[in-house]
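Note: the block below is entry-v9.txt and it holds compact mmCIF, C-alpha atoms.
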# COMPACT_ATOMS: atom_id res chain seq x y z
CA MET A 1 10.76 -8.22 39.82
CA THR A 2 9.16 -5.47 41.83
CA PRO A 3 5.42 -5.04 41.34
CA ARG A 4 4.51 -1.68 39.86
CA ILE A 5 1.49 -1.72 42.18
CA PRO A 6 2.92 -2.25 45.66
CA LEU A 7 1.23 -5.12 47.46
CA GLY A 8 -1.03 -3.88 50.21
CA THR A 9 -2.10 -0.87 48.17
CA ARG A 10 -5.81 -0.30 47.89
CA GLY A 11 -7.41 0.82 44.69
CA ARG A 12 -10.88 2.14 44.07
CA PHE A 13 -12.63 1.24 40.83
CA GLY A 14 -15.97 3.00 40.80
CA ALA A 15 -17.73 1.97 43.99
CA GLU A 16 -15.51 -1.08 44.50
CA THR A 17 -12.31 -1.09 46.51
CA TYR A 18 -9.69 -3.79 46.17
CA GLU A 19 -6.40 -4.48 47.82
CA ALA A 20 -3.45 -5.80 45.84
CA ILE A 21 -2.36 -8.94 47.71
CA GLY A 22 -0.51 -11.05 45.17
CA TYR A 23 1.74 -10.68 42.19
CA LEU A 24 2.62 -13.20 39.50
CA VAL A 25 4.99 -12.86 36.61
CA ARG A 26 4.27 -15.26 33.79
CA LYS A 27 5.73 -15.85 30.39
CA THR A 28 5.05 -18.03 27.44
CA VAL A 29 7.02 -21.21 27.22
CA GLY A 30 9.46 -21.13 24.33
CA GLU A 31 8.75 -17.50 23.60
CA SER A 32 9.66 -14.26 25.27
CA TYR A 33 6.23 -12.81 26.01
CA THR A 34 6.07 -11.80 29.67
CA TRP A 35 3.09 -10.38 31.49
CA PHE A 36 2.23 -9.42 35.04
CA GLU A 37 -0.80 -10.41 37.08
CA TYR A 38 -1.96 -8.70 40.28
CA LEU A 39 -4.38 -10.50 42.55
CA LEU A 40 -6.86 -8.02 44.02
CA HIS A 41 -9.04 -8.81 46.98
CA ASN A 42 -12.22 -7.40 48.43
CA PRO A 43 -13.70 -9.14 51.49
CA THR A 44 -17.21 -8.87 50.09
CA LEU A 45 -16.74 -9.00 46.35
CA GLY A 46 -13.99 -11.57 46.25
CA GLN A 47 -11.06 -11.64 43.92
CA ARG A 48 -10.11 -9.89 40.74
CA TRP A 49 -7.04 -10.11 38.57
CA LEU A 50 -5.41 -7.08 37.06
CA VAL A 51 -3.27 -8.21 34.15
CA GLU A 52 -0.70 -6.02 32.45
CA TYR A 53 1.05 -6.70 29.16
CA HIS A 54 3.00 -4.04 27.27
CA GLY A 55 1.22 -1.25 29.15
CA HIS A 56 -2.26 -2.69 28.44
CA TRP A 57 -4.37 -3.58 31.47
CA VAL A 58 -7.30 -5.95 31.79
CA MET A 59 -9.36 -6.43 34.95
CA THR A 60 -10.66 -9.98 35.10
CA ARG A 61 -12.84 -12.09 37.32
CA ALA A 62 -13.98 -15.68 37.29
CA ALA A 63 -16.63 -16.38 34.69
CA SER A 64 -20.01 -17.48 35.96
CA GLY A 65 -20.65 -20.54 33.89
CA VAL A 66 -18.80 -22.18 31.06
CA PRO A 67 -18.76 -20.28 27.77
CA GLU A 68 -19.73 -22.14 24.62
CA THR A 69 -16.98 -22.70 22.11
CA SER A 70 -17.57 -23.17 18.44
CA ARG A 71 -15.11 -23.25 15.57
CA GLY A 72 -12.42 -21.80 17.77
CA ASP A 73 -14.44 -18.85 19.04
CA ALA A 74 -16.36 -18.56 22.29
CA THR A 75 -19.75 -17.19 23.29
CA TYR A 76 -20.36 -15.94 26.80
CA GLN A 77 -23.52 -14.23 28.03
CA GLY A 78 -24.64 -13.59 24.47
CA VAL A 79 -21.36 -12.02 23.37
CA ARG A 80 -19.24 -13.72 20.75
CA TYR A 81 -15.50 -13.62 21.44
CA ARG A 82 -12.97 -14.26 18.70
CA HIS A 83 -10.07 -16.51 19.49
CA PHE A 84 -6.93 -14.42 19.89
CA LEU A 85 -4.12 -16.73 20.92
CA LYS A 86 -3.20 -19.97 22.52
CA ALA A 87 -0.05 -20.20 24.61
CA LYS A 88 1.59 -22.34 27.21
CA ALA A 89 2.18 -20.04 30.18
CA GLU A 90 4.72 -20.53 32.90
CA VAL A 91 5.01 -18.81 36.27
CA VAL A 92 8.43 -17.15 36.62
CA ALA A 93 7.95 -15.11 39.81
CA VAL A 94 5.54 -15.10 42.74
CA VAL A 95 5.06 -12.50 45.46
CA GLY A 96 2.26 -12.13 48.04
CA GLU A 97 -0.77 -14.13 49.11
CA PHE A 98 -2.87 -16.45 46.99
CA PRO A 99 -5.79 -18.77 47.61
CA TRP A 100 -3.59 -21.60 46.41
CA THR A 101 0.16 -22.08 46.38
CA PRO A 102 1.52 -21.02 43.03
CA ARG A 103 4.98 -22.25 42.22
CA VAL A 104 7.60 -21.01 39.84
CA GLY A 105 7.56 -23.25 36.80
CA GLU A 106 3.86 -24.01 37.14
CA ARG A 107 2.38 -24.29 33.67
CA ALA A 108 -1.04 -23.90 32.11
CA VAL A 109 -2.40 -23.75 28.59
CA VAL A 110 -4.02 -20.35 28.08
CA ASP A 111 -6.52 -19.39 25.41
CA ASP A 112 -7.55 -15.77 25.05
CA PHE A 113 -10.70 -14.65 23.25
CA VAL A 114 -11.54 -11.01 22.60
CA ALA A 115 -14.56 -8.85 21.97
CA PRO A 116 -12.99 -5.45 22.71
CA PRO A 117 -13.10 -4.05 25.29
CA ARG A 118 -13.97 -7.43 26.78
CA MET A 119 -11.82 -10.47 27.04
CA LEU A 120 -12.38 -14.11 27.88
CA SER A 121 -9.59 -16.41 29.01
CA ARG A 122 -9.40 -20.14 29.51
CA GLU A 123 -6.65 -21.69 31.57
CA ALA A 124 -6.25 -25.43 31.49
CA THR A 125 -3.99 -27.50 33.68
CA LYS A 126 -3.94 -31.21 34.17
CA GLN A 127 -6.21 -30.76 37.14
CA GLU A 128 -8.78 -28.21 36.00
CA THR A 129 -9.99 -25.73 33.42
CA THR A 130 -11.05 -22.27 34.53
CA TRP A 131 -12.64 -19.42 32.62
CA SER A 132 -12.30 -15.74 33.44
CA THR A 133 -13.85 -12.71 31.89
CA GLY A 134 -12.35 -9.26 31.86
CA GLU A 135 -12.49 -5.76 30.54
CA TYR A 136 -9.80 -3.42 29.30
CA VAL A 137 -8.75 -0.72 31.75
CA ASP A 138 -6.75 2.32 30.80
CA GLY A 139 -3.36 2.47 32.53
CA SER A 140 -4.00 5.98 33.79
CA ALA A 141 -7.24 4.73 35.42
CA VAL A 142 -5.26 2.03 37.24
CA TRP A 143 -2.74 4.60 38.46
CA LYS A 144 -5.50 6.91 39.58
CA ALA A 145 -7.41 4.08 41.29
CA PHE A 146 -4.37 3.08 43.37
CA GLY A 147 -3.11 6.63 43.81
CA LEU A 148 0.28 5.68 42.37
CA ALA A 149 2.98 8.23 41.73
CA GLY A 150 4.34 8.79 38.25
CA SER A 151 2.69 7.48 35.17
CA PRO A 152 1.73 3.99 34.02
CA PRO A 153 4.03 2.12 31.66
CA ALA A 154 3.75 3.30 28.09
CA ARG A 155 1.53 1.25 25.86
CA ILE A 156 3.24 -0.75 23.17
CA GLY A 157 1.20 -1.66 20.13
CA VAL A 158 -2.51 -2.34 20.41
CA GLY A 159 -3.79 -4.43 23.28
CA ALA A 160 -5.80 -7.57 22.61
CA ALA A 161 -8.87 -6.09 24.32
CA GLN A 162 -8.07 -2.43 23.72
CA PRO A 163 -11.20 -0.70 22.44
CA SER A 164 -10.80 0.77 18.99
CA PRO A 165 -11.16 4.56 19.04
CA TYR A 166 -12.79 4.25 15.64
CA VAL A 167 -15.70 2.03 16.64
CA ALA A 168 -17.52 4.84 18.45
CA GLN A 169 -17.21 7.03 15.34
CA ASN A 170 -18.43 4.44 12.85
CA ARG A 171 -22.05 5.49 12.89
CA ALA A 172 -21.37 9.22 12.89
CA MET A 173 -18.91 8.89 10.04
CA PHE A 174 -21.33 6.80 7.98
CA LEU A 175 -24.24 9.16 8.61
CA LEU A 176 -22.13 12.20 7.77
CA ALA A 177 -20.88 10.63 4.54
CA VAL A 178 -24.41 9.77 3.45
CA SER A 179 -25.65 13.23 4.43
CA PHE A 180 -22.89 15.04 2.58
CA VAL A 181 -23.35 13.00 -0.59
CA ALA A 182 -27.12 13.52 -0.42
CA ALA A 183 -26.61 17.26 0.14
CA ALA A 184 -24.26 17.47 -2.85
CA VAL A 185 -26.78 15.69 -5.07
CA LEU A 186 -29.52 17.96 -3.74
CA VAL A 187 -27.50 21.10 -4.46
CA HIS A 188 -26.92 19.89 -8.01
CA LEU A 189 -30.57 19.01 -8.50
CA LEU A 190 -31.70 22.41 -7.22
CA PHE A 191 -29.40 24.18 -9.64
CA ALA A 192 -30.47 21.82 -12.41
CA ILE A 193 -34.10 22.77 -11.71
CA PHE A 194 -33.71 26.49 -11.14
CA SER A 195 -30.84 27.46 -13.42
CA GLN A 196 -31.68 29.08 -16.76
CA GLN A 197 -30.34 26.44 -19.16
CA ARG A 198 -31.53 28.73 -21.95
CA LEU A 199 -30.39 28.21 -25.53
CA VAL A 200 -28.96 31.57 -26.56
CA ALA A 201 -27.31 30.77 -29.89
CA ASP A 202 -27.65 28.00 -32.43
CA ILE A 203 -25.66 28.38 -35.59
CA THR A 204 -24.76 26.00 -38.34
CA GLY A 205 -22.31 26.04 -41.19
CA GLU A 206 -20.49 24.00 -43.70
CA TYR A 207 -16.77 24.22 -43.97
CA ARG A 208 -14.88 23.43 -47.13
CA PRO A 209 -11.13 23.59 -47.40
CA ASN A 210 -9.97 26.09 -49.97
CA ALA A 211 -13.27 27.99 -49.68
CA PRO A 212 -12.39 31.13 -47.70
CA GLU A 213 -16.02 32.17 -47.41
CA THR A 214 -16.61 29.12 -45.17
CA ALA A 215 -13.59 29.75 -42.93
CA ALA A 216 -15.30 32.15 -40.55
CA VAL A 217 -18.90 32.58 -39.49
CA VAL A 218 -20.23 35.31 -37.22
CA SER A 219 -23.53 34.71 -35.48
CA GLU A 220 -26.38 37.15 -35.21
CA PRO A 221 -26.17 39.14 -31.95
CA PHE A 222 -27.75 37.44 -29.00
CA ASP A 223 -28.34 38.30 -25.38
CA VAL A 224 -26.86 36.44 -22.43
CA ARG A 225 -28.94 37.28 -19.40
CA GLY A 226 -28.97 36.79 -15.68
CA ARG A 227 -26.23 36.62 -13.09
CA THR A 228 -22.66 35.89 -14.06
CA SER A 229 -22.60 32.20 -14.85
CA ASN A 230 -21.31 29.76 -17.40
CA VAL A 231 -22.18 29.09 -21.02
CA MET A 232 -22.18 25.56 -22.34
CA VAL A 233 -20.80 25.17 -25.85
CA GLU A 234 -21.89 22.13 -27.83
CA ILE A 235 -20.34 21.34 -31.17
CA SER A 236 -21.72 18.65 -33.42
CA THR A 237 -20.31 17.69 -36.78
CA ASN A 238 -20.49 15.00 -39.42
CA VAL A 239 -16.78 14.19 -39.39
CA ALA A 240 -16.03 10.54 -40.11
CA ASN A 241 -12.52 9.15 -40.04
CA SER A 242 -11.37 12.71 -39.88
CA TRP A 243 -11.07 15.69 -37.61
CA ALA A 244 -12.12 19.30 -37.48
CA TYR A 245 -10.80 22.09 -35.33
CA PHE A 246 -12.88 25.06 -34.25
CA HIS A 247 -11.54 28.43 -33.19
CA LEU A 248 -14.34 30.06 -31.24
CA SER A 249 -14.66 33.59 -29.94
CA LEU A 250 -17.50 34.76 -27.76
CA VAL A 251 -17.39 38.51 -28.12
CA ASN A 252 -19.14 40.87 -25.72
CA GLU A 253 -20.45 43.63 -27.94
CA SER A 254 -20.64 46.10 -25.07
CA THR A 255 -17.12 45.72 -23.74
CA GLY A 256 -15.35 44.35 -26.77
CA VAL A 257 -13.88 41.56 -24.67
CA ALA A 258 -13.63 38.27 -26.50
CA LYS A 259 -13.34 34.89 -24.85
CA THR A 260 -11.35 32.88 -27.35
CA PHE A 261 -10.81 29.15 -27.24
CA GLY A 262 -10.36 26.14 -29.46
CA ARG A 263 -12.02 22.74 -29.61
CA GLU A 264 -11.26 19.71 -31.70
CA VAL A 265 -13.53 16.89 -32.75
CA GLY A 266 -12.32 13.71 -34.36
CA PHE A 267 -14.10 10.49 -35.04
CA TYR A 268 -12.60 7.33 -36.46
CA SER A 269 -14.06 3.88 -36.98
CA GLY A 270 -13.17 0.69 -38.74
CA ARG A 271 -12.99 -3.04 -38.46
CA ASP A 272 -10.08 -5.30 -37.73
CA SER A 273 -9.45 -8.83 -36.53
CA ASP A 274 -11.06 -7.98 -33.17
CA GLY A 275 -14.20 -6.66 -34.84
CA ALA A 276 -15.58 -3.15 -35.25
CA TRP A 277 -13.91 -0.28 -33.43
CA THR A 278 -14.47 3.42 -32.96
CA GLU A 279 -12.37 6.16 -31.50
CA GLY A 280 -13.28 9.70 -30.53
CA ALA A 281 -16.57 11.42 -31.24
CA ASN A 282 -17.98 13.75 -33.85
CA TRP A 283 -19.24 16.09 -31.16
CA ASP A 284 -17.77 18.04 -28.28
CA ARG A 285 -18.91 19.95 -25.23
CA ALA A 286 -17.19 22.65 -23.24
CA TYR A 287 -18.08 25.20 -20.60
CA LEU A 288 -17.14 28.85 -20.68
CA PRO A 289 -16.84 29.98 -17.07
CA SER A 290 -18.09 33.19 -15.54
CA VAL A 291 -19.73 34.86 -18.51
CA VAL A 292 -21.28 38.21 -17.59
CA SER A 293 -24.65 39.22 -18.99
CA GLY A 294 -24.72 41.35 -22.11
CA GLY A 295 -25.01 41.30 -25.87
CA TYR A 296 -22.74 38.86 -27.65
CA VAL A 297 -21.79 37.44 -30.99
CA LEU A 298 -20.05 34.14 -31.57
CA VAL A 299 -17.32 33.83 -34.16
CA VAL A 300 -16.68 30.32 -35.45
CA GLU A 301 -13.62 29.54 -37.52
CA PRO A 302 -13.48 25.87 -38.47
CA GLU A 303 -10.64 24.12 -40.17
CA GLY A 304 -9.90 20.59 -41.22
CA PRO A 305 -8.69 18.38 -44.05
CA TYR A 306 -12.15 17.61 -45.47
CA PRO A 307 -15.50 19.35 -45.83
CA VAL A 308 -17.53 19.25 -42.66
CA ALA A 309 -21.04 20.32 -41.71
CA TRP A 310 -21.16 21.70 -38.20
CA ARG A 311 -23.49 23.11 -35.62
CA VAL A 312 -22.61 25.14 -32.52
CA ARG A 313 -25.11 25.72 -29.75
CA LEU A 314 -24.63 27.94 -26.72
CA THR A 315 -26.70 27.33 -23.59
CA ARG A 316 -26.65 29.77 -20.71
CA ASP A 317 -26.28 28.77 -17.04
CA VAL A 318 -25.87 25.00 -17.06
CA PRO A 319 -24.85 23.28 -13.79
CA ARG A 320 -21.85 21.18 -14.62
CA PRO A 321 -22.19 17.51 -13.47
CA LEU A 322 -18.41 17.18 -13.16
CA TRP A 323 -18.43 19.35 -10.05
CA VAL A 324 -20.91 17.22 -8.17
CA TRP A 325 -18.92 14.09 -8.99
CA LEU A 326 -15.72 15.74 -7.81
CA ALA A 327 -17.48 16.94 -4.65
CA ILE A 328 -18.73 13.43 -3.92
CA VAL A 329 -15.28 11.97 -4.44
CA ALA A 330 -13.78 14.62 -2.13
CA MET A 331 -16.45 13.96 0.50
CA LEU A 332 -15.73 10.25 0.45
CA VAL A 333 -11.99 10.70 1.02
CA PRO A 334 -12.28 11.16 4.83
CA PRO A 335 -14.51 8.07 5.31
CA VAL A 336 -12.11 6.00 3.21
CA LEU A 337 -9.21 7.33 5.27
CA PHE A 338 -11.18 6.54 8.42
CA LEU A 339 -11.83 2.96 7.28
CA TRP A 340 -8.18 2.54 6.38
CA ARG A 341 -7.04 3.75 9.81
CA ARG A 342 -9.61 1.56 11.52
CA ALA A 343 -8.38 -1.47 9.58
CA ALA A 344 -4.76 -0.56 10.37
CA PHE A 345 -5.64 -0.40 14.08
CA GLU A 346 -7.21 -3.85 13.95
CA ALA A 347 -4.28 -5.20 11.95
CA ARG A 348 -1.93 -4.02 14.71
CA ARG A 349 -4.14 -5.67 17.33
CA TRP A 350 -4.24 -8.99 15.51
CA SER A 351 -0.55 -8.92 14.61
CA GLU A 352 0.02 -10.09 18.21
CA SER A 353 -2.39 -12.98 17.84
CA ASP A 354 -2.32 -16.46 16.38
CA HIS A 355 -4.37 -15.05 13.53
CA ALA A 356 -2.07 -12.28 12.38
CA PRO A 357 -2.67 -10.80 8.96
CA VAL A 358 -0.07 -11.76 6.39
CA SER A 359 1.17 -8.19 6.23
CA THR A 360 1.23 -6.09 9.38
CA ASP A 361 1.74 -2.41 10.01
CA ASP A 362 4.20 -2.02 12.86
CA ASP A 363 4.48 1.76 13.16
CA MET B 364 -11.90 13.32 13.08
CA ILE B 365 -15.67 13.78 13.05
CA LYS B 366 -15.40 17.54 13.64
CA ALA B 367 -12.76 17.87 10.95
CA TYR B 368 -14.98 15.93 8.56
CA VAL B 369 -17.94 18.19 9.33
CA VAL B 370 -15.83 21.25 8.50
CA PHE B 371 -14.31 19.65 5.40
CA GLY B 372 -17.66 18.41 4.09
CA GLY B 373 -19.20 21.82 4.71
CA LEU B 374 -16.43 23.51 2.76
CA VAL B 375 -16.83 21.09 -0.15
CA LEU B 376 -20.58 21.72 -0.19
CA ALA B 377 -19.98 25.47 -0.12
CA ALA B 378 -17.49 25.17 -2.97
CA LEU B 379 -19.96 23.11 -5.00
CA THR B 380 -22.69 25.68 -4.45
CA TRP B 381 -20.34 28.53 -5.36
CA THR B 382 -19.12 26.87 -8.59
CA HIS B 383 -22.69 26.10 -9.63
CA TYR B 384 -23.85 29.62 -8.83
CA THR B 385 -21.01 31.52 -10.48
CA GLY B 386 -20.33 29.08 -13.28
CA TRP B 387 -16.70 29.06 -12.31
CA GLY B 388 -14.41 26.49 -13.82
CA PRO B 389 -10.93 26.07 -15.19
CA SER B 390 -10.66 26.52 -18.92
CA ASP B 391 -8.25 27.34 -21.67
CA VAL B 392 -10.15 30.47 -22.56
CA THR B 393 -8.11 33.48 -23.59
CA GLU B 394 -9.65 36.85 -22.95
CA GLU B 395 -8.67 39.74 -25.12
CA LYS B 396 -10.03 43.08 -26.12
CA VAL B 397 -10.84 42.97 -29.83
CA LYS B 398 -10.18 45.92 -32.09
CA SER B 399 -12.93 48.12 -33.37
CA VAL B 400 -13.82 48.18 -37.03
CA ARG B 401 -11.94 51.46 -37.48
CA ASP B 402 -8.75 49.77 -36.32
CA ASN B 403 -9.52 46.51 -38.00
CA PRO B 404 -11.20 47.02 -41.37
CA GLY B 405 -12.35 43.82 -42.98
CA SER B 406 -13.21 42.21 -39.68
CA TYR B 407 -15.45 39.19 -39.61
CA ARG B 408 -18.31 39.13 -42.00
CA SER B 409 -21.39 37.29 -40.95
CA ALA B 410 -22.54 34.27 -42.87
CA TYR B 411 -26.05 35.43 -41.98
CA GLY B 412 -26.95 38.34 -44.18
CA GLY B 413 -23.56 39.89 -44.56
CA ARG B 414 -23.50 41.58 -41.17
CA SER B 415 -19.99 42.56 -40.14
CA TYR B 416 -18.79 42.35 -36.61
CA THR B 417 -17.62 45.81 -35.64
CA GLY B 418 -16.15 45.17 -32.24
CA ALA B 419 -16.63 47.45 -29.29
CA LYS B 420 -18.98 50.37 -29.57

As structure tokens, the full file:
Amino acid sequence: MTPRIPLGTRGRFGAETYEAIGYLVRKTVGESYTWFEYLLHNPTLGQRWLVEYHGHWVMTRAASGVPETSRGDATYQGVRYRHFLKAKAEVVAVVGEFPWTPRVGERAVVDDFVAPPRMLSREATKQETTWSTGEYVDGSAVWKAFGLAGSPPARIGVGAAQPSPYVAQNRAMFLLAVSFVAAAVLVHLLFAIFSQQRLVADITGEYRPNAPETAAVVSEPFDVRGRTSNVMVEISTNVANSWAYFHLSLVNESTGVAKTFGREVGFYSGRDSDGAWTEGANWDRAYLPSVVSGGYVLVVEPEGPYPVAWRVRLTRDVPRPLWVWLAIVAMLVPPVLFLWRRAAFEARRWSESDHAPVSTDDD
Amino acid sequence: MIKAYVVFGGLVLAALTWTHYTGWGPSDVTEEKVKSVRDNPGSYRSAYGGRSYTGAK
């Protein structure tokens, strides 16, 4: 097994320079997980380990002090690390110089704890227990530090200590979502305050089947003013266990253009073994979009199986609440997508651990 | 993703403002030019004082 970082090569990490002097290949006993450890040396700073698994690199050093462990997790220098995995590791290849004499077949029980991008490891043998602390290093940074040709091994999956690209965006995404929702509500409130919302027609009638004189009612002319906007149509009736249908035509007296539409109201109620019930409503509301200013009349043609008293009111320029709700829903789609992707990233990380989610996303 | 969200959120806000301002909305409204009284004698009679709708002037 040839080391990807040739022994004797010097690498510069920030202001620190290390020389690769040893190389260990280790694997888990009884499983097929294999990883590679490079011993780095600096005469002044001492030793570091550069550990590679599936293209993910972690630079470690001996911990100063013994971390506290509680309920499986560990706390070191005020940072809580979650337990990631426990494995029995075995040395399968050794090259280079070491401060002790590692042997092939040498075993240790390894526990890894993570607080990305940091990592804490405990190695226990019959003779001793050692703790090391490390930090995730991008493969390209390792290659650049050692001036290696080619490119680092491709990353497979999500590394135990790999920083989530979503963590740094959490705050910005949250603030943007709150700002957008607040802005949408503000826009709606401003229109609710400054829009006309002027009642322009209010007509009533009483429809009776078989009475042709009640089949069509034409309002007095009325003016619709202001910029092109909507008109809210509200129909209220006294239907009970019945329905009524309304053909409505809003006719522009200047242009002769009629906006024709139909609305139905139906209200039913009763009582059964589950108690009282109701269905439908004896009123209705609709919005006529983009109505230009001008003189209008409203033609109402009701129909239905029973007599019905009705009232139709037209209100000019009413901000429609539906749009602000739809806008809020649309604005919350990206944050939800973001949270889902963040969770999927973490699920892939933990799928390699002893605490894998029941269902994992291996894409 | 943040930049894309800024653009997307801005577009949604702009669309909300535009729909509120213009009163735009989907509807089942049919627009048609109604006939004048000369072409359509006996057009609607008002229930309020017998006024007849005479269509376009």

Could you list, as a PyMOL selection string, every residue of chain A that has an atom within 6 Å of an atom of chain B, counting only C-alpha atoms? chain A and resi 217-218+228-230+253-261+289-290+319+331

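We find atom CA of A:Arg107 and atom CA of A:Ser64 to be spaced 23.5 Å apart.
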
Could you tell me how far atom CA of A:Leu339 lies from atom CA of A:Pro357, in Å and to one decimal?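 For atom CA of A:Leu339 relative to atom CA of A:Pro357, the distance reads 16.6 Å.
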
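Checking A:Asp274, A:Ile235, A:Val251, A:Glu264 one by one against A:Val292, counting all atoms listed in the file, you find the shortest gap at A:Val251.
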
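With distances taken over only C-alpha atoms, A:Ala89 is the one residue among A:Ala286, A:Val239, A:Ala62, A:Ala89 lying closest to A:Thr34.
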
Within 8 Å of A:Ala244, counting all atoms listed in the file, which residues show up once you throw out same-chain ones fewer than 5 positions away? Write them as a JSON list (two decimals) with C-alpha atoms, in the frame of the given file, please.
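What landed in selection_13.json:
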[["chain", "number", "residue", "atom", "x", "y", "z"],
["A", 239, "VAL", "CA", -16.78, 14.19, -39.39],
["A", 264, "GLU", "CA", -11.26, 19.71, -31.70],
["A", 265, "VAL", "CA", -13.53, 16.89, -32.75],
["A", 266, "GLY", "CA", -12.32, 13.71, -34.36],
["A", 302, "PRO", "CA", -13.48, 25.87, -38.47],
["A", 303, "GLU", "CA", -10.64, 24.12, -40.17],
["A", 304, "GLY", "CA", -9.90, 20.59, -41.22],
["A", 305, "PRO", "CA", -8.69, 18.38, -44.05],
["A", 308, "VAL", "CA", -17.53, 19.25, -42.66]]

Selected residue of minimal separation from A:Val104 among A:Leu186, A:Val178, A:Leu24, A:Ala87, counting only C-alpha atoms: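 Distance minimum relative to A:Val104 lands on A:Leu24.
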
One-decimal distance in Å that lies between atom CA of A:Arg285 and atom CA of A:Gly270: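 Separation of atom CA of A:Gly270 and atom CA of A:Arg285: 24.2 Å.
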
Spatial neighbours of stretch 47-56 of chain A, max dist 8 Å, only C-alpha atoms, sep filter under 2 positions, as number ranges by chain: A: 34-42, 45, 58-62, 136-139, 152-157, 159, 162

Excluding A:Gly105 and any residue of its chain fewer than 2 positions from it, enumerate the residues within 12 Å of it, using all atoms listed in the file, and give them as a list in words.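 Using all atoms listed in the file, the neighbours found are Leu24, Val25, Arg26, Lys27, Thr28, Val29, Lys88, Ala89, Glu90, Val91, Val92, Ala93, Val94, Pro102, Arg103, Arg107 and Ala108 of chain A.
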
List the neighbours of stretch 197-211 of chain A out to 10 Å using only C-alpha atoms; skip same-chain residues closer than 6 positions along the sequence, and give me the result as a ChimeraX atom specification. /A:191,217-225,230-238,244,296-298,300-319 /B:410-411
